[in-house]
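Colleague: I have a structure here, written as structure tokens, and I will follow up with some questions on it.
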Amino acid sequence: MDKQRRNFLKVAGATALAGITAPAVVKLTASEAMASSEHAAPAAGGHGEVEAPTGVRLGLVIDMRKLYGKPELMDKIIASCNKVHNIPHFENKKDEVKWIWKMPFENVFPEHSSYHESDLSKENEYFALCNHCDEPPCVRVCPTKATFKVEETGIIAMDYHRCIGCRFCMMGCPYGARSFNWFDPRPHIKEYNAEFPTRMRGVVEKCNFCGERLAKGLEPACVEAAKEVGALIFGDLNDPESEIRKVLAENHTIQRKPSLGTKPSVFYIV
Amino acid sequence: MIEKVLKGNSKYWMWLAFLSAFIAVGAICYIRQFIYGMGLTGMGRDLTWGLYISQFTFLVGVAAGGLMLVLPYYIHDYKAFGRITILGEFLAIGALIICLMFILADIGQVVRGLNMVWHPTPNSMLFWDMVVLWGYLILNVLCGWVILTAERKQVKPPKWIYIFVYISIPFAVSIHTVTAMLYCGLPGRHFWLSAITAPRFLASAFAAGPALIVIACIIMKKVAHFDAGKEAITKLTTIIMYAAIINAFFVCLEFFVGYYSNIPGHMHSLEYLFFGLEHNGHVYNNLVPFMWTSVFLCFGGLGIFSYLKITKVYNELLIGVGCAAIFIALWLDKGLGFVMGGLVVSPLEEINEYIPTANEIGVTLGIWATGILIVTLLYKIAIGVEHEVEA
Amino acid sequence: MYNKGTIIPGLAIFVLIVTSPLWLNAFMTGSTVPKVELPQGGEKQCVASATEMRANHMQLLNEWRDDVLRDGNRVTVMVDGKVYRKGLQMACMECHTNKEKFCDSCHEYASVKPYCWDCHLTPELAATKKETH
């Protein structure tokens, strides 16, 4: 009697389990795995868009041709960002907080050869900033969802209220785009922008594509500061009619480390 | 059982006082860091993890190493480990507590640490690491305590506890696998981006953990009249030997992949760790002496063990020296080299050498001392119970 | 009972300590309910009634925070014809300019230490480092 009951329970349990898992198995085998064999998708990310994009994906084209030989203009662009976002200035390199900054070609594009470099790239520095990737590793590794993708815009944003300062996102980011507040930033901020908060010690920060300015109908601070030469083109990468798409269609552009599959939203014309 | 920690000879109390001194220093250093900020550490924008996380990584291995006692005893019914299995479980408890303390010391907003629980994020490996570390800690406390209580009462442990003992076996593997996954899934960190990271971690764990237990057994034989038994110690040295050899083999494989493929990113870290990395006319080689010390200690330890095996000599002093050599070698390899070597070239291809500050070292020593103190107290209880049963 | 002499007084002292807040509250009239300073500009309206704000402003701020930061919803709030942006710094402190006399007076009384101003700037602080040209 007892044994029969045990057997019954076993069978019942197994059936229930099969019932629960069956739809999942069907779903898994029916969709992507099968579909991928029919039309092979391009392997690497980068420019090759696979599926029809939906929604807005904000992006930036940096036209370096308009910035060559103009380090002061680049400094002005950087300063405008620093001012708008209350970014502190630290003398010591290890404590630095940077949202957009300039660096030699070999540092911004380490995957491109610098052997017999052109004079242009030897003599000029290039902008580096958060790429607002479509497949962001920083978001993948964050244990609290303190950094996340804003679905409406594609911006990779930070919630400074939630960040616990584990710095895992800085490990995940292959572009070195993130900074940590090793100290209280306030004594190191030159002038406050009353429209934007500062950060506190112990959280990670980075470029936010000026989400707060976009909400007011303004362009990102760097784009505005580069207006005089039109070096930075900002817009929706998913909108075929946008200016940024026209620029991308007409020019050969490169991205930083496209082989990592992060699908950056920042493009360079060099 | 807890009352056993309150009775001991003067050496025992001196040892506790010695550890407490370090704990006090560590606490002061940590309070400084808490008030002033993480800027007190040697870490920086382009080198964001340091001593804390590397110690954490190493000690997860020490915790997982207890598996090498639990597995033979409970699965293969290897009786010789009967007296020391509890030591493996208690070592794991101490090591896990240190790990959790290192994590707390490393995060910038420690008061918000619970955000990991309020906003669970299954796509983050850190979330899973928290789950398995806490799980393994609770399992070890539960199993260790129930089994020791049964031993004290001289009855068989209740049957239900074996369910948890068996669950703890995959958990031991998972703590170190998930810890390896913190590193090996990051794009753009070439040195860590290796499928062999997790097995390499496990191999070094299965050498480092048992080595520490053997050292503890030898010391306790001298100071606490606790004899683990010749057979158990000999078997452990065999396990340590094979695990250390497998670890060395894995390191050699990393060398092959890096140098034969000739991909610069895969070679940079190894070059920095073992030969010094040249960049813009400057050679960066902070860790070279440490890494070669590690190599010599590892092979020295293996040499001692082979000598003992071949001549069939049982010499506790030599065994102790061999275990200490291997433990230190693995600490240098994983507790220093792995994290710092992986970080030396930043994603922006700049070279950043890391030098921990005095404050940071103070916190680190304090946390180590806390863990050793916890293990001492737990071992005191375990041995007290054994003596009580024998009497 | 053994050691009656120590256990009973000990228990009495323990109970007294545990219940001390009740006694203090019953026999002391030390603190007075704080009076907050209303906006200097003379604004009478807020996004909700004073009672509701007093009770729930922290929930509202959290909601606004998640709307603005996480959900990309920066739509302004309109109450009685007046438009408010969502935000502590951008809405609340436009009227309630004095943190010490408005926010702190109650927070200190209630012994809560919100971390808002670790990042958010008060108008007073923002003015200390202002562009000078």
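Naming scheme: A, B, ... for chains in displayed order of the structure tokens; residues 1 onward per chain; ligands 1 onward as shown.
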Please return, as a PyMOL selection string, all residues of chain B lying within 7 Å of chain A when only C-alpha atoms are considered.
Modeller: chain B and resi 37-39+44-46+48+106-110+112-113+115-116+119-121+123-127+186-188+347-349
Colleague: Export C-alpha atoms of the chosen residues as a compact mmCIF listing (two decimals), in the first residue's frame?
Modeller:
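File written: selection_39.txt
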```txt
# COMPACT_ATOMS: atom_id res chain seq x y z
CA GLY B 37 36.83 57.39 1.18
CA MET B 38 38.26 54.73 -1.05
CA GLY B 39 40.85 57.26 -2.16
CA GLY B 44 42.53 54.32 -9.16
CA ARG B 45 40.40 55.13 -12.18
CA ASP B 46 42.19 52.72 -14.48
CA THR B 48 39.79 49.71 -10.00
CA ASP B 106 35.85 46.98 -1.26
CA ILE B 107 32.52 48.59 -2.04
CA GLY B 108 32.30 52.36 -2.07
CA GLN B 109 28.83 52.71 -0.57
CA VAL B 110 28.79 49.97 1.98
CA ARG B 112 23.75 50.48 0.45
CA GLY B 113 25.12 46.94 0.19
CA ASN B 115 20.65 46.93 -2.72
CA MET B 116 21.99 43.65 -4.05
CA HIS B 119 17.18 44.75 -6.51
CA PRO B 120 18.31 41.23 -7.39
CA THR B 121 19.88 41.10 -10.84
CA ASN B 123 22.37 38.71 -15.17
CA SER B 124 25.15 39.87 -12.83
CA MET B 125 27.67 37.26 -11.75
CA LEU B 126 28.21 39.22 -8.55
CA PHE B 127 24.61 38.52 -7.61
CA LEU B 186 34.47 40.43 -19.27
CA PRO B 187 35.13 41.57 -22.84
CA GLY B 188 38.38 43.42 -23.27
CA PRO B 347 41.24 49.16 -21.63
CA LEU B 348 42.82 52.37 -22.93
CA GLU B 349 46.14 50.53 -23.36
```
Colleague: Could you name the residues that touch stretch 65-81 of chain C at 9 Å or less, counting only C-alpha atoms, but leaving out those on the same chain fewer than 5 positions away, as a ChimeraX atom specification?
Modeller: /A:148-153,157-159,161,211-212,215 /C:45-48,60,86-88
Colleague: Mind dumping the selected residues with N, CA and C atoms as a tab-separated table (two decimals), in the first residue's frame?
Modeller:
```
chain	number	residue	atom	x	y	z
A	148	PHE	N	21.83	51.05	-16.36
A	148	PHE	CA	20.80	50.37	-17.13
A	148	PHE	C	20.61	51.11	-18.44
A	149	LYS	N	19.90	50.44	-19.34
A	149	LYS	CA	19.63	51.05	-20.63
A	149	LYS	C	18.24	51.67	-20.57
A	150	VAL	N	18.15	52.96	-20.90
A	150	VAL	CA	16.83	53.60	-20.98
A	150	VAL	C	16.22	53.16	-22.31
A	151	GLU	N	15.15	52.38	-22.24
A	151	GLU	CA	14.63	51.77	-23.46
A	151	GLU	C	14.14	52.80	-24.47
A	152	GLU	N	13.64	53.94	-23.99
A	152	GLU	CA	13.07	54.94	-24.90
A	152	GLU	C	14.14	55.62	-25.76
A	153	THR	N	15.38	55.67	-25.28
A	153	THR	CA	16.40	56.44	-25.98
A	153	THR	C	17.65	55.64	-26.32
A	157	ALA	N	22.26	54.74	-18.75
A	157	ALA	CA	22.17	55.73	-17.68
A	157	ALA	C	22.65	55.14	-16.36
A	158	MET	N	22.88	56.05	-15.41
A	158	MET	CA	23.30	55.66	-14.06
A	158	MET	C	22.26	56.15	-13.06
A	159	ASP	N	21.96	55.32	-12.08
A	159	ASP	CA	21.14	55.75	-10.96
A	159	ASP	C	22.08	55.85	-9.75
A	161	HIS	N	21.63	56.94	-6.95
A	161	HIS	CA	21.02	56.62	-5.66
A	161	HIS	C	21.21	55.15	-5.31
A	211	GLY	N	21.04	63.43	-20.91
A	211	GLY	CA	19.62	63.11	-20.80
A	211	GLY	C	18.80	64.26	-20.24
A	212	GLU	N	19.38	64.98	-19.28
A	212	GLU	CA	18.64	66.07	-18.64
A	212	GLU	C	18.45	67.25	-19.58
A	215	ALA	N	15.78	66.40	-22.35
A	215	ALA	CA	14.41	66.55	-21.84
A	215	ALA	C	13.93	67.99	-21.99
C	45	GLN	N	0.98	77.60	-2.96
C	45	GLN	CA	0.62	76.32	-3.53
C	45	GLN	C	1.81	75.37	-3.60
C	46	CYS	N	1.53	74.09	-3.39
C	46	CYS	CA	2.57	73.08	-3.63
C	46	CYS	C	1.95	72.03	-4.54
C	47	VAL	N	2.68	70.97	-4.82
C	47	VAL	CA	2.11	69.95	-5.69
C	47	VAL	C	1.01	69.16	-4.99
C	48	ALA	N	0.96	69.26	-3.66
C	48	ALA	CA	-0.11	68.60	-2.91
C	48	ALA	C	-0.32	69.39	-1.63
C	60	LEU	N	6.94	60.54	-2.74
C	60	LEU	CA	6.80	61.31	-3.98
C	60	LEU	C	8.16	61.53	-4.62
C	86	LYS	N	9.87	67.53	-12.39
C	86	LYS	CA	10.01	66.54	-11.33
C	86	LYS	C	11.43	66.59	-10.79
C	87	GLY	N	11.58	66.89	-9.52
C	87	GLY	CA	12.93	66.86	-8.96
C	87	GLY	C	13.04	67.68	-7.69
C	88	LEU	N	13.91	67.23	-6.85
C	88	LEU	CA	14.15	67.93	-5.59
C	88	LEU	C	14.79	69.29	-5.86
```
Colleague: Which residue, C:Asp118, C:Glu124, C:Leu16, C:Trp64, has the smallest gap to C:Tyr84 when you use only C-alpha atoms?
Modeller: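 For C:Tyr84, the nearest of the given residues is C:Trp64.
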Colleague: Within 6 Å of chain A, which residues of chain C show up when using only C-alpha atoms, listed as JSON, numbers by chain?
Modeller: {"C": [118, 119, 120, 121, 126, 129, 130]}
Colleague: Now that the selection is made, can you save its residues with N, CA and C atoms as a PDB file, in the first residue's frame?
Modeller:
```pdb
ATOM      1  N   ASP C 118      23.783  64.913  -0.343  1.00  0.00           N
ATOM      2  CA  ASP C 118      25.123  64.448  -0.682  1.00  0.00           C
ATOM      3  C   ASP C 118      25.405  64.763  -2.142  1.00  0.00           C
ATOM      4  N   CYS C 119      24.338  64.737  -2.954  1.00  0.00           N
ATOM      5  CA  CYS C 119      24.496  65.032  -4.378  1.00  0.00           C
ATOM      6  C   CYS C 119      23.756  66.301  -4.777  1.00  0.00           C
ATOM      7  N   HIS C 120      22.512  66.427  -4.341  1.00  0.00           N
ATOM      8  CA  HIS C 120      21.706  67.568  -4.794  1.00  0.00           C
ATOM      9  C   HIS C 120      22.165  68.852  -4.119  1.00  0.00           C
ATOM     10  N   LEU C 121      22.179  69.897  -4.919  1.00  0.00           N
ATOM     11  CA  LEU C 121      22.705  71.174  -4.443  1.00  0.00           C
ATOM     12  C   LEU C 121      21.569  72.037  -3.901  1.00  0.00           C
ATOM     13  N   ALA C 126      24.931  76.163  -4.230  1.00  0.00           N
ATOM     14  CA  ALA C 126      25.230  76.382  -5.641  1.00  0.00           C
ATOM     15  C   ALA C 126      25.771  77.790  -5.850  1.00  0.00           C
ATOM     16  N   LYS C 129      29.773  78.644  -5.438  1.00  0.00           N
ATOM     17  CA  LYS C 129      30.754  78.475  -6.516  1.00  0.00           C
ATOM     18  C   LYS C 129      30.044  78.785  -7.808  1.00  0.00           C
ATOM     19  N   LYS C 130      29.960  80.041  -8.104  1.00  0.00           N
ATOM     20  CA  LYS C 130      29.237  80.425  -9.304  1.00  0.00           C
ATOM     21  C   LYS C 130      30.152  81.106 -10.265  1.00  0.00           C
TER      22      LYS C 130
END
```
Colleague: Would you give me, as a ChimeraX atom specification, the residues in stretch 7-251 of chain A that DSSP reads as strand (DSSP E)?
Modeller: /A:58-63,100-104,125-129,147-149,156-158,179-180,204-205,232-236
Colleague: With C-alpha atoms retained, export the selected residues as a CSV table (one decimal), in the first residue's frame.
Modeller:
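Output file part.csv is given in full below:
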```
chain,number,residue,atom,x,y,z
A,58,LEU,CA,20.6,57.9,-29.8
A,59,GLY,CA,24.1,58.0,-31.2
A,60,LEU,CA,26.9,60.4,-32.0
A,61,VAL,CA,29.3,60.9,-34.9
A,62,ILE,CA,32.6,62.5,-34.1
A,63,ASP,CA,33.9,64.1,-37.3
A,100,ILE,CA,34.5,63.1,-22.3
A,101,TRP,CA,38.3,63.5,-22.7
A,102,LYS,CA,41.0,63.4,-25.4
A,103,MET,CA,43.7,60.8,-25.9
A,104,PRO,CA,46.2,59.7,-28.5
A,125,GLU,CA,44.3,63.6,-30.0
A,126,TYR,CA,40.9,61.9,-30.2
A,127,PHE,CA,37.8,62.1,-28.1
A,128,ALA,CA,36.9,59.2,-25.8
A,129,LEU,CA,33.6,58.9,-24.1
A,147,THR,CA,23.4,51.2,-14.5
A,148,PHE,CA,20.8,50.4,-17.1
A,149,LYS,CA,19.6,51.1,-20.6
A,156,ILE,CA,23.1,53.9,-20.9
A,157,ALA,CA,22.2,55.7,-17.7
A,158,MET,CA,23.3,55.7,-14.1
A,179,SER,CA,35.0,56.9,-13.3
A,180,PHE,CA,34.7,56.2,-9.6
A,204,VAL,CA,30.6,55.3,-10.4
A,205,GLU,CA,29.7,57.9,-13.0
A,232,LEU,CA,29.7,66.4,-33.5
A,233,ILE,CA,26.5,65.1,-35.0
A,234,PHE,CA,23.9,63.7,-32.6
A,235,GLY,CA,20.7,61.9,-33.4
A,236,ASP,CA,18.6,58.8,-33.7
```
Colleague: Nearest to C:Gly42: which of C:Ala55, C:Tyr2, C:Ile8, C:His96 is it, counting only C-alpha atoms?
Modeller: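 Ranking C:Ala55, C:Tyr2, C:Ile8, C:His96 by distance to C:Gly42, first place goes to C:His96.
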Colleague: With only C-alpha atoms as the counted atoms, please give the residues lying no more than 8 Å from B:Pro356, apart from itself and same-chain residues fewer than 2 positions off, as a list of chain:residue names.
Modeller: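 Skipping anything fewer than 2 positions along the chain leaves B:Thr41, B:Gly42, B:Met43, B:Gly50, B:Leu51, B:Tyr354, B:Ala358, B:Glu360, B:Ile361.
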Colleague: For stretch 13-28 of chain B, list every protein, DNA or RNA residue within 12 Å, evaluated using only C-alpha atoms, and leave out those in the same chain fewer than 4 positions away; present the list as number ranges by chain.
Modeller: B: 5-9, 32-35, 101-102, 105, 223, 358-377, 380
Colleague: Of the candidates C:Ile7, C:Tyr115, C:Glu100, C:Met90, which shows the shortest atom-to-atom distance to chain B, using only C-alpha atoms?
Modeller: C:Tyr115
Colleague: Tell me which protein, DNA and RNA residues are within 7 Å of stretch 257-268 of chain B, counting only C-alpha atoms, leaving out same-chain ones fewer than 2 positions away, and put them as an MDAnalysis selection string.
Modeller: chainID B and resid 190:191 253:255 270:272 277
Colleague: Using C-alpha atoms, can you export the residues from the last selection as a compact mmCIF listing (two decimals), in the first residue's frame?
Modeller:
```txt
# COMPACT_ATOMS: atom_id res chain seq x y z
CA HIS B 190 42.38 39.44 -22.23
CA PHE B 191 44.21 37.80 -19.35
CA LEU B 253 48.64 26.31 -21.10
CA GLU B 254 47.95 30.01 -20.63
CA PHE B 255 51.56 30.65 -21.63
CA LEU B 270 52.09 37.21 -18.57
CA GLU B 271 54.94 39.36 -19.78
CA TYR B 272 54.31 41.86 -17.01
CA LEU B 277 56.47 44.77 -19.67
```
Colleague: Can you list every residue in stretch 33-171 of chain A that DSSP puts in alpha helix (DSSP H), as a PyMOL selection string?
Modeller: chain A and resi 33-38+71-84+105-108+119-123+137-141+168-171
Colleague: Deliver the residues from the most recent selection as a file, using C-alpha atoms, as a PDB file, in the first residue's frame.
Modeller:
```pdb
ATOM      1  CA  ALA A  33      18.243  28.248 -32.806  1.00  0.00           C
ATOM      2  CA  MET A  34      16.242  26.985 -35.773  1.00  0.00           C
ATOM      3  CA  ALA A  35      15.851  30.319 -37.459  1.00  0.00           C
ATOM      4  CA  SER A  36      19.569  31.078 -37.450  1.00  0.00           C
ATOM      5  CA  SER A  37      20.355  28.157 -39.757  1.00  0.00           C
ATOM      6  CA  GLU A  38      18.154  29.572 -42.503  1.00  0.00           C
ATOM      7  CA  PRO A  71      43.071  71.227 -29.517  1.00  0.00           C
ATOM      8  CA  GLU A  72      41.636  74.405 -27.943  1.00  0.00           C
ATOM      9  CA  LEU A  73      38.254  73.661 -29.457  1.00  0.00           C
ATOM     10  CA  MET A  74      38.406  70.140 -28.087  1.00  0.00           C
ATOM     11  CA  ASP A  75      39.275  71.532 -24.667  1.00  0.00           C
ATOM     12  CA  LYS A  76      36.345  73.881 -24.917  1.00  0.00           C
ATOM     13  CA  ILE A  77      34.021  70.988 -25.718  1.00  0.00           C
ATOM     14  CA  ILE A  78      35.358  69.014 -22.757  1.00  0.00           C
ATOM     15  CA  ALA A  79      35.045  72.030 -20.472  1.00  0.00           C
ATOM     16  CA  SER A  80      31.423  72.563 -21.456  1.00  0.00           C
ATOM     17  CA  CYS A  81      30.595  69.011 -20.398  1.00  0.00           C
ATOM     18  CA  ASN A  82      32.551  69.354 -17.162  1.00  0.00           C
ATOM     19  CA  LYS A  83      30.698  72.519 -16.278  1.00  0.00           C
ATOM     20  CA  VAL A  84      27.211  71.301 -17.101  1.00  0.00           C
ATOM     21  CA  PHE A 105      44.901  57.532 -31.370  1.00  0.00           C
ATOM     22  CA  GLU A 106      46.688  54.424 -30.084  1.00  0.00           C
ATOM     23  CA  ASN A 107      44.837  54.645 -26.768  1.00  0.00           C
ATOM     24  CA  VAL A 108      41.388  55.370 -28.147  1.00  0.00           C
ATOM     25  CA  ASP A 119      51.000  62.440 -39.297  1.00  0.00           C
ATOM     26  CA  LEU A 120      47.400  63.364 -38.594  1.00  0.00           C
ATOM     27  CA  SER A 121      46.908  60.716 -35.951  1.00  0.00           C
ATOM     28  CA  LYS A 122      50.396  61.299 -34.548  1.00  0.00           C
ATOM     29  CA  GLU A 123      49.821  64.985 -34.052  1.00  0.00           C
ATOM     30  CA  PRO A 137      28.731  44.840 -20.730  1.00  0.00           C
ATOM     31  CA  CYS A 138      28.529  47.329 -17.841  1.00  0.00           C
ATOM     32  CA  VAL A 139      24.762  46.820 -17.608  1.00  0.00           C
ATOM     33  CA  ARG A 140      25.227  43.076 -17.823  1.00  0.00           C
ATOM     34  CA  VAL A 141      27.543  42.953 -14.806  1.00  0.00           C
ATOM     35  CA  PHE A 168      32.223  45.875 -11.496  1.00  0.00           C
ATOM     36  CA  CYS A 169      30.913  48.051 -14.346  1.00  0.00           C
ATOM     37  CA  MET A 170      34.370  49.608 -14.643  1.00  0.00           C
ATOM     38  CA  MET A 171      35.759  46.098 -15.037  1.00  0.00           C
TER      39      MET A 171
END
```
Colleague: Here is a test: counting only C-alpha atoms, which residue of B:Pro170, B:Gly229, B:Gly66, B:Gly144 is nearest to B:Arg83?
Modeller: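 Among B:Pro170, B:Gly229, B:Gly66, B:Gly144, it is B:Gly229 that comes nearest to B:Arg83.
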Colleague: What's around C:Cys103 at 12 Å? Count only C-alpha atoms, leave out sequence neighbours fewer than 2 positions away in its own chain, and write the answer as number ranges by chain.
Modeller: C: 34-39, 54, 57-58, 88, 92-93, 96-101, 105-114, 116-117, 122
Colleague: So which residues touch stretch 330-345 of chain B within 7 Å, counting only C-alpha atoms, skipping near sequence neighbours fewer than 2 positions away, as a PyMOL selection string?
Modeller: chain B and resi 47+50+54-55+57-58+189+191-192+204+208+269+272-273+290-291+294+326-328+347+349-353
